[in-house]
$ cat protein_20.cif   # mmCIF, C-alpha atoms
data_target
loop_
_atom_site.label_atom_id
_atom_site.label_comp_id
_atom_site.auth_asym_id
_atom_site.auth_seq_id
_atom_site.Cartn_x
_atom_site.Cartn_y
_atom_site.Cartn_z
CA MET A 1 17.28 -127.47 -39.62
CA LEU A 2 18.67 -125.97 -42.80
CA VAL A 3 15.84 -125.43 -45.30
CA LEU A 4 16.62 -124.94 -49.00
CA ALA A 5 14.19 -124.48 -51.90
CA ARG A 6 14.94 -126.65 -54.95
CA LYS A 7 13.24 -127.16 -58.31
CA GLN A 8 12.77 -130.40 -60.17
CA GLY A 9 16.10 -131.56 -61.58
CA GLU A 10 18.13 -129.52 -59.11
CA SER A 11 20.23 -131.07 -56.43
CA LEU A 12 22.22 -130.32 -53.35
CA MET A 13 25.44 -131.66 -51.95
CA ILE A 14 26.10 -132.87 -48.42
CA GLY A 15 29.85 -132.74 -47.99
CA ASP A 16 31.68 -133.50 -51.21
CA ASN A 17 30.41 -136.98 -51.94
CA ILE A 18 26.69 -137.11 -51.15
CA GLU A 19 24.27 -135.67 -53.69
CA ILE A 20 20.52 -135.40 -53.19
CA GLN A 21 18.61 -134.74 -56.40
CA ILE A 22 14.96 -133.82 -56.84
CA ILE A 23 14.00 -136.16 -59.66
CA GLU A 24 10.27 -135.47 -59.94
CA ILE A 25 7.54 -133.55 -58.14
CA ARG A 26 4.02 -134.80 -58.61
CA GLY A 27 1.16 -133.79 -56.32
CA ASP A 28 2.18 -134.47 -52.74
CA GLN A 29 4.99 -136.83 -53.69
CA VAL A 30 8.61 -136.05 -54.38
CA LYS A 31 10.94 -138.52 -56.04
CA ILE A 32 14.43 -138.10 -54.67
CA GLY A 33 17.67 -139.55 -55.98
CA VAL A 34 20.59 -140.13 -53.65
CA ASN A 35 24.16 -140.47 -54.84
CA ALA A 36 26.26 -141.56 -51.91
CA PRO A 37 29.22 -143.82 -51.24
CA ARG A 38 27.96 -147.38 -50.80
CA ASP A 39 29.05 -147.52 -47.17
CA VAL A 40 26.65 -144.70 -46.30
CA ASN A 41 23.34 -146.07 -45.08
CA VAL A 42 20.31 -144.51 -46.73
CA TYR A 43 16.87 -145.58 -45.61
CA ARG A 44 13.37 -144.29 -45.17
CA ARG A 45 12.89 -142.60 -41.82
CA GLU A 46 9.83 -144.75 -41.04
CA VAL A 47 11.80 -147.97 -41.54
CA PHE A 48 14.56 -146.69 -39.31
CA ASN A 49 12.03 -145.69 -36.61
CA LEU A 50 10.29 -149.07 -36.83
CA ILE A 51 13.56 -150.92 -36.34
CA GLN A 52 14.55 -148.70 -33.45
CA ASP A 53 11.16 -149.21 -31.78
CA GLU A 54 11.33 -152.95 -32.36
CA ASN A 55 14.80 -153.11 -30.78
CA LYS A 56 13.39 -151.37 -27.71
CA ALA A 57 10.53 -153.88 -27.57
CA ALA A 58 12.99 -156.75 -28.07
CA ALA A 59 15.12 -155.47 -25.17
CA LYS A 60 12.06 -155.79 -22.91
CA SER A 61 11.47 -159.40 -23.95
CA SER A 62 10.75 -162.11 -21.50
CA MET A 63 13.89 -164.16 -20.87
CA VAL A 64 11.69 -167.19 -20.32
CA LEU A 65 11.85 -168.68 -23.78
CA PRO A 66 9.06 -170.80 -25.20
CA LYS A 67 9.44 -174.23 -26.73
CA ILE A 68 8.66 -173.92 -30.41
CA GLY A 69 9.11 -177.45 -31.61
CA LEU A 70 12.17 -176.89 -33.77
CA PRO A 71 14.98 -179.40 -33.79
CA PRO A 72 18.01 -178.44 -31.67
CA LYS A 73 20.58 -176.37 -33.52
CA GLU A 74 23.73 -178.10 -34.75
CA MET B 75 35.57 -164.41 -17.94
CA ILE B 76 32.39 -164.07 -15.89
CA VAL B 77 29.55 -162.04 -17.39
CA GLU B 78 26.47 -160.91 -15.52
CA THR B 79 23.53 -161.93 -17.67
CA LYS B 80 19.95 -160.77 -17.64
CA ALA B 81 18.63 -164.27 -18.28
CA TYR B 82 20.85 -166.49 -16.15
CA GLY B 83 22.83 -164.36 -13.68
CA PRO B 84 26.62 -164.67 -13.66
CA ILE B 85 27.90 -167.00 -16.37
CA GLU B 86 31.37 -168.08 -17.44
CA VAL B 87 31.95 -167.24 -21.08
CA ASN B 88 34.80 -167.83 -23.48
CA GLU B 89 36.69 -164.90 -25.01
CA LEU B 90 35.62 -166.25 -28.39
CA GLN B 91 32.00 -165.45 -27.53
CA LYS B 92 32.72 -161.72 -27.39
CA VAL B 93 31.26 -159.66 -30.23
CA LEU B 94 31.97 -156.00 -30.87
CA PHE B 95 29.21 -153.91 -32.48
CA PRO B 96 31.14 -150.77 -33.51
CA ASN B 97 27.88 -148.88 -34.14
CA GLY B 98 25.80 -150.63 -31.50
CA LEU B 99 22.20 -151.55 -32.31
CA PHE B 100 19.63 -148.96 -33.38
CA GLY B 101 18.33 -147.22 -30.29
CA PHE B 102 21.21 -148.62 -28.22
CA GLU B 103 24.16 -147.04 -29.99
CA LYS B 104 26.18 -146.56 -26.81
CA PHE B 105 26.44 -150.27 -26.12
CA THR B 106 29.05 -151.93 -28.29
CA GLN B 107 30.36 -154.89 -26.28
CA PHE B 108 28.35 -158.09 -26.24
CA VAL B 109 28.71 -161.80 -25.79
CA LEU B 110 26.80 -164.31 -27.89
CA MET B 111 25.64 -167.42 -26.12
CA ASN B 112 23.27 -170.31 -26.49
CA ALA B 113 20.01 -169.84 -24.68
CA HIS B 114 18.99 -172.67 -22.37
CA GLN B 115 16.05 -173.20 -24.69
CA ASP B 116 16.78 -174.23 -28.29
CA PRO B 117 16.84 -172.84 -30.94
CA PHE B 118 17.41 -169.42 -29.37
CA TYR B 119 20.59 -167.49 -28.69
CA ILE B 120 21.16 -164.57 -26.36
CA LEU B 121 23.15 -161.46 -27.17
CA GLN B 122 24.11 -160.09 -23.78
CA SER B 123 25.69 -156.68 -23.27
CA THR B 124 28.83 -156.83 -21.12
CA GLU B 125 28.38 -153.13 -20.32
CA SER B 126 24.88 -153.45 -18.90
CA LYS B 127 23.48 -156.59 -17.31
CA ASP B 128 19.95 -155.45 -18.09
CA LEU B 129 20.56 -155.21 -21.83
CA ALA B 130 20.10 -158.53 -23.59
CA PHE B 131 18.45 -159.65 -26.79
CA VAL B 132 17.01 -162.99 -27.79
CA LEU B 133 18.14 -164.09 -31.24
CA ILE B 134 17.03 -166.76 -33.67
CA ASP B 135 18.33 -168.07 -36.97
CA PRO B 136 15.71 -166.55 -39.34
CA PHE B 137 16.16 -169.31 -41.93
CA LEU B 138 14.69 -171.78 -39.43
CA PHE B 139 11.20 -170.42 -39.99
CA ARG B 140 11.65 -168.51 -43.27
CA THR B 141 13.63 -170.63 -45.72
CA ASP B 142 12.87 -167.93 -48.31
CA TYR B 143 14.59 -165.19 -46.31
CA GLU B 144 16.93 -163.10 -48.43
CA LEU B 145 19.32 -160.35 -47.44
CA ASP B 146 20.61 -157.79 -49.88
CA ILE B 147 23.36 -155.90 -48.08
CA SER B 148 26.08 -154.00 -49.89
CA ASP B 149 29.65 -155.27 -49.76
CA GLU B 150 30.68 -151.89 -48.39
CA ILE B 151 28.39 -152.23 -45.39
CA LEU B 152 29.62 -155.79 -44.84
CA SER B 153 33.22 -154.61 -45.09
CA THR B 154 32.69 -152.44 -42.00
CA ILE B 155 32.71 -155.71 -40.06
CA GLU B 156 35.40 -157.12 -42.34
CA ILE B 157 33.19 -159.59 -44.17
CA SER B 158 34.55 -160.33 -47.61
CA ASN B 159 33.26 -163.87 -47.85
CA GLN B 160 29.64 -164.84 -47.24
CA GLU B 161 30.80 -167.84 -45.23
CA ASP B 162 32.18 -165.53 -42.52
CA ALA B 163 28.69 -164.20 -41.82
CA LEU B 164 26.26 -165.42 -39.20
CA VAL B 165 22.76 -164.04 -39.63
CA PHE B 166 20.35 -163.58 -36.75
CA ALA B 167 16.97 -161.96 -36.21
CA LEU B 168 16.13 -160.17 -32.97
CA VAL B 169 13.17 -161.76 -31.22
CA THR B 170 10.50 -159.91 -29.28
CA ILE B 171 8.67 -161.95 -26.64
CA PRO B 172 6.08 -159.61 -25.11
CA LEU B 173 5.64 -159.97 -21.36
CA THR B 174 1.92 -159.59 -22.00
CA GLY B 175 1.74 -162.97 -23.72
CA GLN B 176 1.20 -161.73 -27.28
CA ALA B 177 2.78 -163.63 -30.15
CA MET B 178 6.55 -163.92 -30.25
CA THR B 179 7.91 -162.08 -33.28
CA ALA B 180 11.19 -161.78 -35.15
CA ASN B 181 12.56 -158.66 -36.79
CA LEU B 182 13.50 -159.54 -40.37
CA ALA B 183 13.80 -155.89 -41.51
CA GLY B 184 16.82 -155.24 -39.30
CA PRO B 185 18.87 -158.43 -39.15
CA VAL B 186 22.03 -158.75 -37.08
CA ILE B 187 25.09 -159.91 -39.00
CA ILE B 188 28.13 -161.21 -37.14
CA ASN B 189 31.50 -161.96 -38.66
CA LYS B 190 32.41 -165.18 -36.92
CA ASN B 191 36.12 -164.65 -37.54
CA SER B 192 36.61 -161.00 -36.61
CA ARG B 193 33.74 -161.26 -34.10
CA LYS B 194 32.35 -157.93 -35.14
CA GLY B 195 28.66 -157.34 -35.66
CA ILE B 196 26.31 -154.89 -37.28
CA GLN B 197 22.58 -154.37 -37.54
CA ALA B 198 21.56 -153.93 -41.16
CA VAL B 199 18.44 -152.29 -42.60
CA LEU B 200 16.96 -154.19 -45.53
CA GLN B 201 15.43 -152.18 -48.37
CA ASP B 202 13.05 -154.95 -49.45
CA GLN B 203 9.72 -154.01 -47.85
CA LYS B 204 8.68 -157.67 -47.86
CA TRP B 205 10.65 -158.02 -44.62
CA LYS B 206 8.94 -156.52 -41.59
CA THR B 207 9.94 -155.81 -38.02
CA LYS B 208 7.31 -158.23 -36.68
CA HIS B 209 7.12 -161.72 -38.19
CA ASP B 210 5.06 -164.15 -36.13
CA ILE B 211 7.55 -167.01 -35.68
CA ILE B 212 5.08 -169.73 -34.70
CA SER B 213 2.54 -169.05 -37.44
CA GLU B 214 5.15 -168.62 -40.18
CA LEU B 215 6.86 -171.79 -39.07
CA ALA B 216 3.54 -173.66 -39.25
CA GLU B 217 2.92 -172.18 -42.69
CA SER B 218 6.34 -173.20 -43.99
CA ARG B 219 5.68 -176.77 -42.84
CA SER B 220 2.31 -176.97 -44.50
CA HIS B 221 3.84 -176.45 -47.96
#

$ encode --input "protein_20.cif" --output "C-alpha cells"
Amino acid sequence: MLVLARKQGESLMIGDNIEIQIIEIRGDQVKIGVNAPRDVNVYRREVFNLIQDENKAAAKSSMVLPKIGLPPKE
Amino acid sequence: MIVETKAYGPIEVNELQKVLFPNGLFGFEKFTQFVLMNAHQDPFYILQSTESKDLAFVLIDPFLFRTDYELDISDEILSTIEISNQEDALVFALVTIPLTGQAMTANLAGPVIINKNSRKGIQAVLQDQKWKTKHDIISELAESRSH
C-alpha cells in the first residue's frame, strides 16, 4: 500500500479525475472529501463488506421458500 | 433453453429471462450471466446463475414490505445498465433464508436493479444508512400492516 502524509486542506489525486481531500482532522476522526466522476462508486468500506457478507449468506439460503401471506404478484 | 437450477433442477427458460450483470454481484464478481424466474412460492423470484448451478439468489420486491423504501442512485450508475427512464428499472432485494431457521431477511442496503429492456443488472450500494443488509421481512410486513 502506498502511504502518503497529508495535512488538513491538502489533497491527493488518483489518476487525473479523482481527488481525495483532507477536509478536517479532529481527534481520531478525519473528514475526507472525494471528488470523483459520478459513475465511480464511493462507499464506506464497512458498508461494502456488509453487503458482500450478506450476499454470501444469501447464496447459502434455503431454496425452500416460506409462505408469507402476501398476495400473489401481478 | 434449459438451465440447471439450484432450486428446481433443469428448467426451460425463455431468452427474455436472461440478465447480464456486467460487474456481477459483490463477492461473486466472476459470475455475470443469470436468468430471472418466478419462484414456485409467491411473492419470491429466483436469480439463477447460468454459469454455476449452485449459485442462486432469492429475490423479493422490497416495496411489498417497505412501502417507504427509497433508492437514491446516481444517473451515471444507472446509465451503466442503460437506464435513462425510471420505468425501465425493476428493483429487487436479495433475501437470506438461513438454513438454521432464523428469521428471513432482505438486504435493502444493496438492492439489485434490472433494466427490463436491456436486461442488464447491477447491485447498487445505498448511502442512506437507514437501509440495512438485514431487514426482517415478516416483522416489518406485520408492522406496515398495523399502521

$ resolve_selection --input "protein_20.cif" --expression "the PyMOL selection byres ((chain A) within 10 of (chain B))" --output "short mmCIF file (atom, residue, chain, number, x, y, z; two decimals) with C-alpha atoms, in the frame of the given file"
data_model
loop_
_atom_site.label_atom_id
_atom_site.label_comp_id
_atom_site.auth_asym_id
_atom_site.auth_seq_id
_atom_site.Cartn_x
_atom_site.Cartn_y
_atom_site.Cartn_z
CA PRO A 37 29.22 -143.82 -51.24
CA ARG A 38 27.96 -147.38 -50.80
CA ASP A 39 29.05 -147.52 -47.17
CA VAL A 40 26.65 -144.70 -46.30
CA ASN A 41 23.34 -146.07 -45.08
CA VAL A 42 20.31 -144.51 -46.73
CA TYR A 43 16.87 -145.58 -45.61
CA ARG A 44 13.37 -144.29 -45.17
CA VAL A 47 11.80 -147.97 -41.54
CA PHE A 48 14.56 -146.69 -39.31
CA ASN A 49 12.03 -145.69 -36.61
CA LEU A 50 10.29 -149.07 -36.83
CA ILE A 51 13.56 -150.92 -36.34
CA GLN A 52 14.55 -148.70 -33.45
CA ASP A 53 11.16 -149.21 -31.78
CA GLU A 54 11.33 -152.95 -32.36
CA ASN A 55 14.80 -153.11 -30.78
CA LYS A 56 13.39 -151.37 -27.71
CA ALA A 57 10.53 -153.88 -27.57
CA ALA A 58 12.99 -156.75 -28.07
CA ALA A 59 15.12 -155.47 -25.17
CA LYS A 60 12.06 -155.79 -22.91
CA SER A 61 11.47 -159.40 -23.95
CA SER A 62 10.75 -162.11 -21.50
CA MET A 63 13.89 -164.16 -20.87
CA VAL A 64 11.69 -167.19 -20.32
CA LEU A 65 11.85 -168.68 -23.78
CA PRO A 66 9.06 -170.80 -25.20
CA LYS A 67 9.44 -174.23 -26.73
CA ILE A 68 8.66 -173.92 -30.41
CA GLY A 69 9.11 -177.45 -31.61
CA LEU A 70 12.17 -176.89 -33.77
CA PRO A 71 14.98 -179.40 -33.79
CA PRO A 72 18.01 -178.44 -31.67
CA LYS A 73 20.58 -176.37 -33.52
CA GLU A 74 23.73 -178.10 -34.75
#

$ residues_around --input "protein_20.cif" --residues "B:Ile157" --least-positions-apart "6" --cutoff "10 Å" --atoms "only C-alpha atoms" --output "short mmCIF file (atom, residue, chain, number, x, y, z; two decimals) with C-alpha atoms, in the frame of the given file"
data_model
loop_
_atom_site.label_atom_id
_atom_site.label_comp_id
_atom_site.auth_asym_id
_atom_site.auth_seq_id
_atom_site.Cartn_x
_atom_site.Cartn_y
_atom_site.Cartn_z
CA ASP B 149 29.65 -155.27 -49.76
CA GLU B 150 30.68 -151.89 -48.39
CA ILE B 151 28.39 -152.23 -45.39
CA ALA B 163 28.69 -164.20 -41.82
CA ILE B 187 25.09 -159.91 -39.00
CA ILE B 188 28.13 -161.21 -37.14
CA ASN B 189 31.50 -161.96 -38.66
CA LYS B 190 32.41 -165.18 -36.92
CA ASN B 191 36.12 -164.65 -37.54
CA SER B 192 36.61 -161.00 -36.61
CA LYS B 194 32.35 -157.93 -35.14
CA GLY B 195 28.66 -157.34 -35.66
#

$ atom_distance --input "protein_20.cif" --atom1 "atom CA of B:Phe166" --atom2 "atom CA of B:Ile76"
24.1 Å

$ atom_distance --input "protein_20.cif" --atom1 "atom CA of B:Pro96" --atom2 "atom CA of A:Asp16"
24.7 Å

$ resolve_selection --input "protein_20.cif" --expression "the PyMOL selection byres ((chain B and resi 105) around 10)" --output "ChimeraX atom specification"
/B:94-99,101-104,106-108,123-126,129

$ residues_around --input "protein_20.cif" --residues "stretch 4-8 of chain A" --least-positions-apart "5" --cutoff "10 Å" --atoms "all atoms listed in the file" --output "NGL selection string"
:A and (21-26 or 30-32)

$ atom_distance --input "protein_20.cif" --atom1 "atom CA of A:Ile14" --atom2 "atom CA of A:Glu46"
21.5 Å

$ closest_residue --input "protein_20.cif" --among "B:Lys204, B:Lys92, B:Arg140, B:Arg193" --to "B:Gln122" --atoms "only C-alpha atoms"
B:Lys92

$ closest_residue --input "protein_20.cif" --among "B:Phe137, B:Val93, B:Met111, B:Ile85" --to "B:Ser218" --atoms "only C-alpha atoms"
B:Phe137

$ closest_residue --input "protein_20.cif" --among "B:Tyr119, B:Asn159, B:Gln176, B:Lys127" --to "B:Val77" --atoms "only C-alpha atoms"
B:Lys127

$ closest_residue --input "protein_20.cif" --among "B:Leu164, B:Ala177, B:Ile155, B:Leu145" --to "B:Leu110" --atoms "all atoms listed in the file"
B:Leu164

$ build_atoms --input "protein_20.cif" --residues "stretch 54-65 of chain A" --atoms "all heavy atoms" --output "mmCIF file, in the frame of the given file"
data_model
loop_
_atom_site.group_PDB
_atom_site.id
_atom_site.type_symbol
_atom_site.label_atom_id
_atom_site.label_comp_id
_atom_site.auth_asym_id
_atom_site.auth_seq_id
_atom_site.Cartn_x
_atom_site.Cartn_y
_atom_site.Cartn_z
ATOM 1 N N GLU A 54 11.373 -151.506 -32.545
ATOM 2 C CA GLU A 54 11.330 -152.950 -32.360
ATOM 3 C C GLU A 54 12.495 -153.411 -31.477
ATOM 4 O O GLU A 54 12.344 -154.316 -30.664
ATOM 5 C CB GLU A 54 11.363 -153.660 -33.722
ATOM 6 C CG GLU A 54 10.961 -155.119 -33.665
ATOM 7 C CD GLU A 54 9.586 -155.348 -33.064
ATOM 8 O OE1 GLU A 54 8.690 -154.508 -33.257
ATOM 9 O OE2 GLU A 54 9.406 -156.378 -32.379
ATOM 10 N N ASN A 55 13.655 -152.786 -31.648
ATOM 11 C CA ASN A 55 14.800 -153.110 -30.780
ATOM 12 C C ASN A 55 14.452 -152.833 -29.315
ATOM 13 O O ASN A 55 14.805 -153.604 -28.428
ATOM 14 C CB ASN A 55 16.031 -152.294 -31.165
ATOM 15 C CG ASN A 55 16.736 -152.839 -32.399
ATOM 16 O OD1 ASN A 55 16.368 -153.876 -32.930
ATOM 17 N ND2 ASN A 55 17.747 -152.133 -32.858
ATOM 18 N N LYS A 56 13.752 -151.715 -29.099
ATOM 19 C CA LYS A 56 13.390 -151.370 -27.710
ATOM 20 C C LYS A 56 12.405 -152.390 -27.154
ATOM 21 O O LYS A 56 12.493 -152.776 -25.987
ATOM 22 C CB LYS A 56 12.827 -149.952 -27.642
ATOM 23 C CG LYS A 56 13.944 -148.930 -27.846
ATOM 24 C CD LYS A 56 13.458 -147.492 -27.856
ATOM 25 C CE LYS A 56 14.635 -146.561 -28.158
ATOM 26 N NZ LYS A 56 14.206 -145.206 -28.511
ATOM 27 N N ALA A 57 11.479 -152.842 -28.005
ATOM 28 C CA ALA A 57 10.530 -153.880 -27.570
ATOM 29 C C ALA A 57 11.276 -155.189 -27.318
ATOM 30 O O ALA A 57 11.011 -155.889 -26.337
ATOM 31 C CB ALA A 57 9.437 -154.072 -28.630
ATOM 32 N N ALA A 58 12.234 -155.497 -28.202
ATOM 33 C CA ALA A 58 12.990 -156.750 -28.070
ATOM 34 C C ALA A 58 13.800 -156.751 -26.763
ATOM 35 O O ALA A 58 13.944 -157.782 -26.111
ATOM 36 C CB ALA A 58 13.918 -156.941 -29.267
ATOM 37 N N ALA A 59 14.306 -155.565 -26.389
ATOM 38 C CA ALA A 59 15.120 -155.470 -25.170
ATOM 39 C C ALA A 59 14.284 -155.683 -23.914
ATOM 40 O O ALA A 59 14.828 -155.940 -22.850
ATOM 41 C CB ALA A 59 15.817 -154.108 -25.119
ATOM 42 N N LYS A 60 12.952 -155.570 -24.068
ATOM 43 C CA LYS A 60 12.060 -155.790 -22.910
ATOM 44 C C LYS A 60 11.491 -157.200 -22.909
ATOM 45 O O LYS A 60 10.593 -157.512 -22.130
ATOM 46 C CB LYS A 60 10.907 -154.782 -22.945
ATOM 47 C CG LYS A 60 11.359 -153.376 -22.626
ATOM 48 C CD LYS A 60 10.143 -152.445 -22.517
ATOM 49 C CE LYS A 60 10.553 -150.995 -22.596
ATOM 50 N NZ LYS A 60 9.667 -150.220 -23.466
ATOM 51 N N SER A 61 12.006 -158.043 -23.831
ATOM 52 C CA SER A 61 11.470 -159.400 -23.950
ATOM 53 C C SER A 61 11.569 -160.185 -22.657
ATOM 54 O O SER A 61 12.485 -159.984 -21.865
ATOM 55 C CB SER A 61 12.268 -160.174 -25.010
ATOM 56 O OG SER A 61 11.803 -159.885 -26.281
ATOM 57 N N SER A 62 10.656 -161.118 -22.549
ATOM 58 C CA SER A 62 10.750 -162.110 -21.500
ATOM 59 C C SER A 62 11.987 -162.959 -21.763
ATOM 60 O O SER A 62 12.289 -163.296 -22.901
ATOM 61 C CB SER A 62 9.504 -162.994 -21.540
ATOM 62 O OG SER A 62 9.716 -164.140 -20.758
ATOM 63 N N MET A 63 12.731 -163.286 -20.716
ATOM 64 C CA MET A 63 13.890 -164.160 -20.870
ATOM 65 C C MET A 63 13.485 -165.625 -20.640
ATOM 66 O O MET A 63 14.321 -166.514 -20.633
ATOM 67 C CB MET A 63 15.005 -163.757 -19.905
ATOM 68 C CG MET A 63 15.691 -162.459 -20.293
ATOM 69 S SD MET A 63 16.834 -162.653 -21.697
ATOM 70 C CE MET A 63 16.346 -161.286 -22.720
ATOM 71 N N VAL A 64 12.200 -165.819 -20.414
ATOM 72 C CA VAL A 64 11.690 -167.190 -20.320
ATOM 73 C C VAL A 64 11.267 -167.563 -21.736
ATOM 74 O O VAL A 64 10.302 -167.023 -22.276
ATOM 75 C CB VAL A 64 10.486 -167.264 -19.357
ATOM 76 C CG1 VAL A 64 9.959 -168.686 -19.274
ATOM 77 C CG2 VAL A 64 10.886 -166.752 -17.984
ATOM 78 N N LEU A 65 12.043 -168.429 -22.352
ATOM 79 C CA LEU A 65 11.850 -168.680 -23.780
ATOM 80 C C LEU A 65 10.931 -169.865 -23.999
ATOM 81 O O LEU A 65 11.035 -170.879 -23.309
ATOM 82 C CB LEU A 65 13.213 -168.926 -24.436
ATOM 83 C CG LEU A 65 14.239 -167.822 -24.173
ATOM 84 C CD1 LEU A 65 15.567 -168.157 -24.824
ATOM 85 C CD2 LEU A 65 13.734 -166.487 -24.685
#
